[in-house]
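To start, the structure under review is shown below, and the notes come after it.
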Amino acid sequence: YTQYTHARIHTIHTCMHVCTTYAHIRTFARERSHTCVHAHMRTRTHHALPTISYAIVDEAYRSMRDKNVDQCIIITGESGAGKTEASKLSMQYVAAVSGKGAEVGRVKEQLLLSNPILEAFGNAKTIRNDNSSRFGKYMDIEFDFKGDPVGGIVSNYLLEKSRVVGQNTGERSFHIFYQLLGGATTDVLEMLHLQKEVYSYHYLSQGGCSYILTMDDSKQFHATIEAMVVIGFSPEDISCILEMLSAILNLGNAKFKGHTLPNGSNACKLDNLKYVTYACDMLGCSRELMEESLTKRSVETKRDYVLKPLSATEGAHARDALCKAIYGRMFSWIVGKINSSIKANSLVRKKKCMGVLDIYGFEVFAENGFEQFIINYCNEKLQQVFIELTLKSEQDEYEREGIQWTHIDYFNNAVICELIEHPKQGILAYLDDECLRPGETNDDTFLDCLNKNCVGHAHYQSRAMKEFYSDSLMRRNQFRLLHYAAEVTYGVEGFLEKNRDLLYKSLSQAMYACDRPLLKELFPEGSPDGNSIKRPLTAGFQFRTSVAELMKNLLSKNPNYIRCIKPNDLKEPRKFDEDLVRHQASYLGLIENVKVRRAGHAYRQLYEQALARYKMLSMSTWPVWKGRPKDGVKEVLKSIGKHSEDFSMGRSKVFIRSPKTVFELEELRRKRVEEIATFIQRMYRGWVKRRRFKALKRAQLVFSTHYRTHVCVKRYRKLRNAAIVIQKYFRGWTARKELRRLKKGIKAKMAVVTIRKYYRMWKLRRALRRRGSKKKEVWAVGVIAKYFYGWKARRLYREMRRGVKMIAAAVVIQKYCRGWLVRRALKRHTKESAKPIIAAFMWKAMCFKYLEYLRPHLPSKSPIGGKWPNPPIYLREASDHLRNMYHSWRCKALRDYYNENANEKRRMTEKARASSLFLGKKALYPRSVKIPFKADRINLRNDPRWTKLVTETHEQRVIWADVVQKINRSDAKKVPMVLAITGNSFMLLDPKSYALKYRVDLNNLEQMSLSPFSDSIFVMHIKPSRIADPSYAKGDFMFQNPNVIEMVTKLHAVIKESVKKTLPINIAKEIQVRFKADEPSCAVTFHHTGMVYSPVCKRKGSTIEIVT
């Protein structure tokens, strides 16, 4: 009590004792995180740690990480004692003190965020607890060899499904219902057919409590959704879960009205169909199927199948059973989804495990039923584990080790567990027998069976016993069990029904027939392919098996206990009920546990382990002890001055009586470890320095070698450069000497050429003086020109004779020669007559040059491809003629190609038809241009099922066939079907069996309608006369197919070919559709947002909205 008043709510021994305060306390300063707490704790031993919940978790984590021993933390106590908060603190501490990293951080986040999801769907407000766990949770956290979390597994036990359909006064249903109504937006609630008022729903209004002062449902809803996103729930999964929650609430408002059939049997019908319609919309099934499943029961045997009408009471029970089954199976699916997300990677080889058990506490209410019986049975098993692993095992160990010991008595609740779980004579066994026994059985026959077989047991009481015949606290339909915690009176009403946990076969089949894939997964027994009349296992048998597996799992690990104690029943802070606390301490066995610990020893360890840990404290045992481990441990204790009364030596273990001795050993070990670490550091640093010195010495030798090499190389290069300079000057002098000699020879040669030139000029002038007439002058000019050209050619030839320019010289000589020949031929003509010839030659040369440029720069052979090269100004007209000729040639080549390939010509014709129908009208058309059109996309012609259908319909020719999504008229949901277009009609086939669903002649197709956007939805309008035909109940069809352009083009062509008419194509944002003859037309409106990849269809009254 003194500790409680000072907010010290923890005490620690072998197990942690926590007394909840119903208020927030500051054990550590707000600014100090879990990591700071770990830094404070890691230098201390388990017994020296501060008394907080982290201490027991830290000890378990260290033992698992360092000693490779799997651990489990068992959190027990009454309902409302703080078990859930203790489990969350344990997981937060483990996440804070483990390693860091991106992958490790992701695993930690997912492990921690699994708690809000499980609390939202599995916790509820009770009279004793505002956040009571209504299911058992055991989480195994898996670690790698470093102690970093790598994954986990969550196991759930017995969800209290009956809370979905009813609660006691002052209690609530599961938190998620109130979070949904209080936190979802108005648009979401409208989409789910819900309203914010809690009392509008029968399933939520029975407890008379709609809110909790300490809890904000709106914030909790957003936290739950965010946690589901992080865990890995897809938007479709979250939407499906919310829809099923909405279906449960709306089904709860359905009412049944009873009536009597002509044969005298009772029957019923649904009176409030609005809520049933809402529920069917959420579940994706028809209202007729749901109505039949809730008002009739299918009785099936091996040879017969009968529908039996239900009374109004039975119909209400069937509705409640369906809602409980949906919620219970959805909860198990959510746990499985969490496990698939947080499971450890299979590549991690060595895994260690730490389990955290947070299970419902012991419950005693004014009215106790099947759920309280199962919950208290589980607590009996946990108390038995505590007794086995603490009180009994410790005293047995003292006797086994030969330690002098006075036995301490304690209450062993094994007799109570035996009374409940005995396989043949236990209460659960009798309950299963009553459920499976033929004949008329009910809760009263079960109570009679208990009174007949259990009346002599010391822990069983009922009104059938003489001493309790007049007990006014126990009614005729009740029995009482004397549990380890308290006496609990159970009412047998509903025991058999809840134990059977049956769901009518027709309801399972109705759920499997829904459009939601999740419902098919939750109700596999409803599949028509898996019918079985085998009776399912009872809830009691399943829970007994689960508890047995849980106990086996706990016993395989080292247990660590956190015992939560409730200070008062009023949930008020700072109020301490001493009698209540004494009662809890008594039945939890805490007093006996303290007695055993005080009379016994605080610490025990195997000799080998103790010697390995403390051998450095004695010089005689360090570093190696060659004697027996027992003698070595004794030598260590004597060396530190411990007397024989401080410890006891068992057969295989050493027992230390006082924790003070353990603290001294640990402190001495810590100091000795520091000395050893200092010695190791000194030796290591000396080795590092010696290694560095040797490395420096080797480096100095290498440096000296390279330096000497550098000096020698430098001297060699200096000598070599000097020699090169001398050679350079010598060679320059030699070259200048040679140059002077050559210059003298060149000057002599030039003098000879000059003399020869002047001589020839003198000779020419002398010849000219002899000719006085004009002819002689002309002849003289020709002679001069001849000599001049000859001299020029000879000079060029001499210049080019020694090099690669000899060819150019020859070309020049040819040019001058040809010019001379032309001039000689034109001597007779005047200058005016020579101009046309030269101009014609120049024109031909320019044309030839342009044609040579045009040949490699022609555009491609495609009639629409390439750009014609730009011509010169003087050849533009000729270029236009050439371009027209080239284009005509390309077109002829393309026509010849298509005439030779009929298939290619047909495809091009279809593409041209599609362009005329959709170009500039349909946003989807540009994507279809590059895709080749196909006739049979599902290989229908070669399918034997189609061959069989052809013999019946005589439709051999397949124009187009593919799988389409047919949009229903009632709920705008999509159903896959096969659309086959033949030469005379179009048919709708079942996608699995190819059974013929509908067949419509092409004559009766009035028009096609599409939207101008990029969606793939189209409507096939049937003529009104055809819709009015009584033999044809269907009206217009609405489909979705990605190849809509291809389908409409082929249908347009075949109607023009076979029916000899043009099919109208209507492209508009709003389309009037008449789905049925006796119904008014429905408006289909298209809204383009650009944010939706696949069109979303939703029906609202007489309008279908399609968002693309």
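Quick note on naming: the chains in the structure tokens go A, B, ... in the order shown, residues restart at 1 in each chain, and ligands are numbered from 1 in order of appearance.
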
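Every protein or nucleic acid residue with an atom no more than 9 Å from Ile127 (chain A), counting only C-alpha atoms and leaving out same-chain residues fewer than 3 positions away, appears here: A:Asp130, A:Asn168, A:Thr169, A:Gly170, A:Glu171, A:Phe365.
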
*asked:* Excluding Met619 (chain A) and its own-chain neighbours fewer than 4 positions away, which residues fall within 9 Å of it when counting only C-alpha atoms? Please give them as a PyMOL selection string.
replied: chain A and resi 615+623+636+639

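Nearest residue to His1088 (chain A) among A:Ile1106, A:Val964, A:Val1073, A:Val104 is A:Ile1106, counting only C-alpha atoms.
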
*Excluding region 267-274 of chain A and any residue of its chain fewer than 4 positions from it, enumerate the residues within 6 Å of it, using only C-alpha atoms, and give them as a ChimeraX atom specification.*
/A:254-260,309-312

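When only C-alpha atoms are used to measure the gap to Arg937 (chain A), the shortest distance among A:Pro1042, A:Gly426, A:Pro536, A:Gly361 belongs to A:Pro1042.
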
*Write out as an MDAnalysis selection string the residues lying within 9 Å of region 960-962 of chain A, counting only C-alpha atoms and excluding same-chain residues fewer than 2 positions away.*
chainID A and resid 934:940 958 964 977:982 1041 1043 1046:1047 1050:1051

*Who sits within 10 Å of Val654 (chain A), only C-alpha atoms, same chain under 2 positions skipped, as a PyMOL selection string*: chain A and resi 401+601+603-611+630+633-634+647-652+656-657

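The nearest approach to Ala60 (chain A) among the residues A:Lys557, A:Gly101, A:Val276, A:Val164, with only C-alpha atoms taken into account, belongs to A:Lys557.
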
*Just list the residues in region 354-531 of chain A DSSP gives strand (DSSP E or B) on the backbone, as number ranges by chain.*
A: 354-358, 362, 368, 460-462, 478-482, 487-491

Convert the current residue selection to file output with N, CA and C atoms, as a tab-separated table (two decimals), in the first residue's frame.
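Saved as again33.tsv:
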chain	number	residue	atom	x	y	z
A	354	MET	N	10.88	-14.88	-28.54
A	354	MET	CA	10.35	-14.36	-27.29
A	354	MET	C	8.84	-14.21	-27.46
A	355	GLY	N	8.09	-14.90	-26.60
A	355	GLY	CA	6.64	-14.86	-26.67
A	355	GLY	C	6.07	-13.90	-25.64
A	356	VAL	N	4.98	-13.21	-26.02
A	356	VAL	CA	4.26	-12.32	-25.12
A	356	VAL	C	2.81	-12.77	-25.10
A	357	LEU	N	2.33	-13.22	-23.94
A	357	LEU	CA	0.97	-13.73	-23.80
A	357	LEU	C	0.10	-12.68	-23.11
A	358	ASP	N	-0.90	-12.19	-23.82
A	358	ASP	CA	-1.89	-11.26	-23.26
A	358	ASP	C	-3.25	-11.89	-23.48
A	362	PHE	N	-9.36	-13.35	-15.44
A	362	PHE	CA	-10.42	-14.05	-14.74
A	362	PHE	C	-11.64	-13.13	-14.60
A	368	ASN	N	-23.01	-15.13	-15.69
A	368	ASN	CA	-21.85	-15.73	-16.34
A	368	ASN	C	-22.32	-16.85	-17.26
A	460	TYR	N	-17.50	-28.63	-7.30
A	460	TYR	CA	-18.73	-28.48	-8.10
A	460	TYR	C	-19.92	-28.37	-7.17
A	461	GLN	N	-20.83	-27.40	-7.45
A	461	GLN	CA	-22.03	-27.20	-6.65
A	461	GLN	C	-23.20	-26.91	-7.57
A	462	SER	N	-24.40	-27.40	-7.17
A	462	SER	CA	-25.63	-27.10	-7.92
A	462	SER	C	-26.82	-27.33	-7.00
A	478	GLN	N	-28.53	-23.18	-13.07
A	478	GLN	CA	-27.16	-22.74	-12.86
A	478	GLN	C	-26.37	-23.81	-12.11
A	479	PHE	N	-25.06	-23.74	-12.26
A	479	PHE	CA	-24.15	-24.55	-11.45
A	479	PHE	C	-22.98	-23.66	-11.06
A	480	ARG	N	-22.24	-24.08	-10.03
A	480	ARG	CA	-21.16	-23.27	-9.48
A	480	ARG	C	-19.87	-24.07	-9.44
A	481	LEU	N	-18.76	-23.40	-9.83
A	481	LEU	CA	-17.43	-24.00	-9.75
A	481	LEU	C	-16.59	-23.18	-8.78
A	482	LEU	N	-15.83	-23.90	-7.94
A	482	LEU	CA	-14.95	-23.24	-6.99
A	482	LEU	C	-13.57	-23.10	-7.64
A	487	GLU	N	-15.46	-18.23	-6.39
A	487	GLU	CA	-16.58	-19.07	-6.76
A	487	GLU	C	-17.38	-18.37	-7.85
A	488	VAL	N	-17.64	-19.07	-8.94
A	488	VAL	CA	-18.33	-18.49	-10.09
A	488	VAL	C	-19.56	-19.33	-10.38
A	489	THR	N	-20.71	-18.66	-10.49
A	489	THR	CA	-21.97	-19.33	-10.81
A	489	THR	C	-22.27	-19.13	-12.29
A	490	TYR	N	-22.45	-20.24	-13.02
A	490	TYR	CA	-22.66	-20.20	-14.47
A	490	TYR	C	-24.10	-20.59	-14.78
A	491	GLY	N	-24.72	-19.81	-15.68
A	491	GLY	CA	-26.03	-20.17	-16.21
A	491	GLY	C	-25.86	-20.97	-17.48

*Mind pulling up the distance from CA of Val1084 (chain A) to CA of Ile959 (chain A)?*
28.2 Å

Hey, what's within 10 Å of Met511 (chain A) if we count only C-alpha atoms and toss same-chain stuff fewer than 5 positions away? As a short mmCIF file (atom, residue, chain, number, x, y, z; two decimals) with all heavy atoms, in the first residue's frame, please?
data_model
loop_
_atom_site.label_atom_id
_atom_site.label_comp_id
_atom_site.auth_asym_id
_atom_site.auth_seq_id
_atom_site.Cartn_x
_atom_site.Cartn_y
_atom_site.Cartn_z
N LEU A 283 -22.48 -6.90 -49.42
CA LEU A 283 -21.94 -8.26 -49.58
C LEU A 283 -21.85 -8.68 -51.03
O LEU A 283 -21.13 -9.65 -51.34
CB LEU A 283 -22.82 -9.25 -48.82
CG LEU A 283 -22.89 -9.07 -47.30
CD1 LEU A 283 -23.87 -10.06 -46.70
CD2 LEU A 283 -21.51 -9.24 -46.67
N GLY A 284 -22.56 -8.00 -51.93
CA GLY A 284 -22.49 -8.36 -53.34
C GLY A 284 -23.36 -9.54 -53.70
O GLY A 284 -22.95 -10.38 -54.50
N CYS A 285 -24.54 -9.66 -53.10
CA CYS A 285 -25.46 -10.75 -53.43
C CYS A 285 -26.84 -10.17 -53.67
O CYS A 285 -27.13 -9.02 -53.32
CB CYS A 285 -25.48 -11.80 -52.32
SG CYS A 285 -26.20 -11.22 -50.78
N LEU A 289 -31.79 -13.99 -52.75
CA LEU A 289 -30.99 -15.07 -52.17
C LEU A 289 -30.83 -14.90 -50.66
O LEU A 289 -30.96 -15.86 -49.89
CB LEU A 289 -29.61 -15.10 -52.84
CG LEU A 289 -28.61 -16.14 -52.30
CD1 LEU A 289 -29.15 -17.55 -52.49
CD2 LEU A 289 -27.27 -15.98 -53.00
N MET A 290 -30.60 -13.67 -50.21
CA MET A 290 -30.44 -13.43 -48.77
C MET A 290 -31.75 -13.68 -48.04
O MET A 290 -31.77 -14.27 -46.95
CB MET A 290 -29.96 -12.00 -48.55
CG MET A 290 -29.78 -11.62 -47.09
SD MET A 290 -28.51 -12.61 -46.26
CE MET A 290 -27.05 -11.89 -47.02
N SER A 293 -32.33 -17.36 -47.69
CA SER A 293 -31.40 -18.01 -46.77
C SER A 293 -31.74 -17.71 -45.32
O SER A 293 -31.49 -18.54 -44.44
CB SER A 293 -29.97 -17.55 -47.06
OG SER A 293 -29.62 -17.84 -48.38
N LEU A 322 -25.24 -15.73 -38.56
CA LEU A 322 -24.52 -15.29 -39.76
C LEU A 322 -23.62 -14.11 -39.45
O LEU A 322 -22.46 -14.07 -39.86
CB LEU A 322 -25.53 -14.92 -40.85
CG LEU A 322 -24.94 -14.31 -42.13
CD1 LEU A 322 -24.00 -15.31 -42.80
CD2 LEU A 322 -26.04 -13.89 -43.08
N ILE A 326 -19.57 -14.10 -39.82
CA ILE A 326 -18.85 -13.15 -40.69
C ILE A 326 -17.77 -12.44 -39.89
O ILE A 326 -16.61 -12.34 -40.32
CB ILE A 326 -19.83 -12.15 -41.32
CG1 ILE A 326 -20.74 -12.85 -42.32
CG2 ILE A 326 -19.07 -11.02 -42.01
CD1 ILE A 326 -21.82 -11.94 -42.89
N LYS A 505 -26.36 -24.44 -43.61
CA LYS A 505 -25.68 -24.65 -44.89
C LYS A 505 -26.13 -23.64 -45.94
O LYS A 505 -25.32 -23.17 -46.74
CB LYS A 505 -25.98 -26.08 -45.37
CG LYS A 505 -25.19 -26.49 -46.59
CD LYS A 505 -23.74 -26.67 -46.28
CE LYS A 505 -22.97 -27.22 -47.47
NZ LYS A 505 -21.56 -27.39 -47.18
N SER A 506 -27.43 -23.28 -45.92
CA SER A 506 -27.92 -22.33 -46.92
C SER A 506 -27.26 -20.97 -46.75
O SER A 506 -26.99 -20.27 -47.75
CB SER A 506 -29.44 -22.18 -46.79
OG SER A 506 -29.79 -21.77 -45.47
N ARG A 516 -18.02 -10.87 -53.52
CA ARG A 516 -16.78 -10.51 -52.82
C ARG A 516 -15.85 -11.72 -52.73
O ARG A 516 -16.24 -12.75 -52.16
CB ARG A 516 -17.10 -9.99 -51.41
CG ARG A 516 -18.03 -8.78 -51.38
CD ARG A 516 -17.34 -7.56 -51.97
NE ARG A 516 -18.20 -6.38 -51.87
CZ ARG A 516 -18.99 -5.97 -52.84
NH1 ARG A 516 -19.05 -6.65 -53.97
NH2 ARG A 516 -19.75 -4.89 -52.68
N LEU A 518 -13.39 -12.16 -50.84
CA LEU A 518 -13.07 -12.47 -49.44
C LEU A 518 -14.10 -13.39 -48.82
O LEU A 518 -13.76 -14.28 -48.02
CB LEU A 518 -12.96 -11.16 -48.65
CG LEU A 518 -12.63 -11.31 -47.16
CD1 LEU A 518 -11.34 -12.08 -46.97
CD2 LEU A 518 -12.53 -9.94 -46.49
N LEU A 519 -15.38 -13.22 -49.16
CA LEU A 519 -16.41 -14.09 -48.61
C LEU A 519 -16.25 -15.52 -49.10
O LEU A 519 -16.54 -16.47 -48.36
CB LEU A 519 -17.80 -13.55 -48.97
CG LEU A 519 -18.22 -12.27 -48.22
CD1 LEU A 519 -19.54 -11.75 -48.77
CD2 LEU A 519 -18.33 -12.53 -46.74
N LYS A 520 -15.82 -15.71 -50.32
CA LYS A 520 -15.56 -17.07 -50.81
C LYS A 520 -14.43 -17.72 -50.02
O LYS A 520 -14.42 -18.93 -49.77
CB LYS A 520 -15.21 -17.04 -52.29
CG LYS A 520 -16.31 -16.50 -53.19
CD LYS A 520 -15.90 -16.56 -54.65
CE LYS A 520 -16.93 -15.88 -55.55
NZ LYS A 520 -18.24 -16.57 -55.49
N GLU A 521 -13.46 -16.89 -49.61
CA GLU A 521 -12.36 -17.41 -48.81
C GLU A 521 -12.78 -17.69 -47.38
O GLU A 521 -12.29 -18.65 -46.76
CB GLU A 521 -11.21 -16.39 -48.82
CG GLU A 521 -9.95 -16.86 -48.12
CD GLU A 521 -8.84 -15.84 -48.21
OE1 GLU A 521 -8.99 -14.88 -49.00
OE2 GLU A 521 -7.84 -15.99 -47.50
N LEU A 522 -13.72 -16.90 -46.84
CA LEU A 522 -14.15 -17.09 -45.46
C LEU A 522 -15.15 -18.23 -45.32
O LEU A 522 -15.26 -18.82 -44.23
CB LEU A 522 -14.78 -15.80 -44.93
CG LEU A 522 -13.87 -14.57 -44.84
CD1 LEU A 522 -14.62 -13.40 -44.24
CD2 LEU A 522 -12.63 -14.87 -44.01
N PHE A 523 -15.89 -18.54 -46.36
CA PHE A 523 -16.92 -19.58 -46.28
C PHE A 523 -16.66 -20.66 -47.34
O PHE A 523 -17.44 -20.83 -48.28
CB PHE A 523 -18.32 -18.98 -46.48
CG PHE A 523 -18.74 -18.04 -45.38
CD1 PHE A 523 -18.42 -16.70 -45.43
CD2 PHE A 523 -19.44 -18.52 -44.28
CE1 PHE A 523 -18.81 -15.83 -44.42
CE2 PHE A 523 -19.82 -17.66 -43.26
CZ PHE A 523 -19.51 -16.33 -43.32
N PRO A 524 -15.55 -21.38 -47.22
CA PRO A 524 -15.26 -22.39 -48.26
C PRO A 524 -16.24 -23.55 -48.24
O PRO A 524 -16.42 -24.22 -49.25
CB PRO A 524 -13.84 -22.85 -47.88
CG PRO A 524 -13.72 -22.57 -46.42
CD PRO A 524 -14.53 -21.34 -46.17
N GLU A 525 -16.89 -23.81 -47.09
CA GLU A 525 -17.83 -24.93 -47.03
C GLU A 525 -19.07 -24.65 -47.87
O GLU A 525 -19.86 -25.56 -48.14
CB GLU A 525 -18.24 -25.21 -45.59
CG GLU A 525 -19.17 -24.18 -44.96
CD GLU A 525 -18.43 -22.99 -44.37
OE1 GLU A 525 -17.21 -22.87 -44.62
OE2 GLU A 525 -19.04 -22.18 -43.66
N GLY A 526 -19.30 -23.39 -48.29
CA GLY A 526 -20.45 -23.07 -49.11
C GLY A 526 -20.26 -23.37 -50.58
O GLY A 526 -21.19 -23.22 -51.37
N SER A 527 -19.08 -23.82 -50.97
CA SER A 527 -18.81 -24.13 -52.37
C SER A 527 -19.63 -25.33 -52.81
O SER A 527 -19.71 -26.34 -52.09
CB SER A 527 -17.32 -24.41 -52.57
OG SER A 527 -17.07 -24.87 -53.87
#

*Which residues in region 344-512 of chain A does DSSP call alpha helix (DSSP H)? List them as number ranges by chain.*
A: 370-386, 393-401, 414-421, 427-436, 443-453, 495-500, 505-512

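Nearest residue to Gln195 (chain A), choosing from A:Lys337, A:Phe177, A:Arg766, A:Pro932 and counting only C-alpha atoms: A:Phe177.
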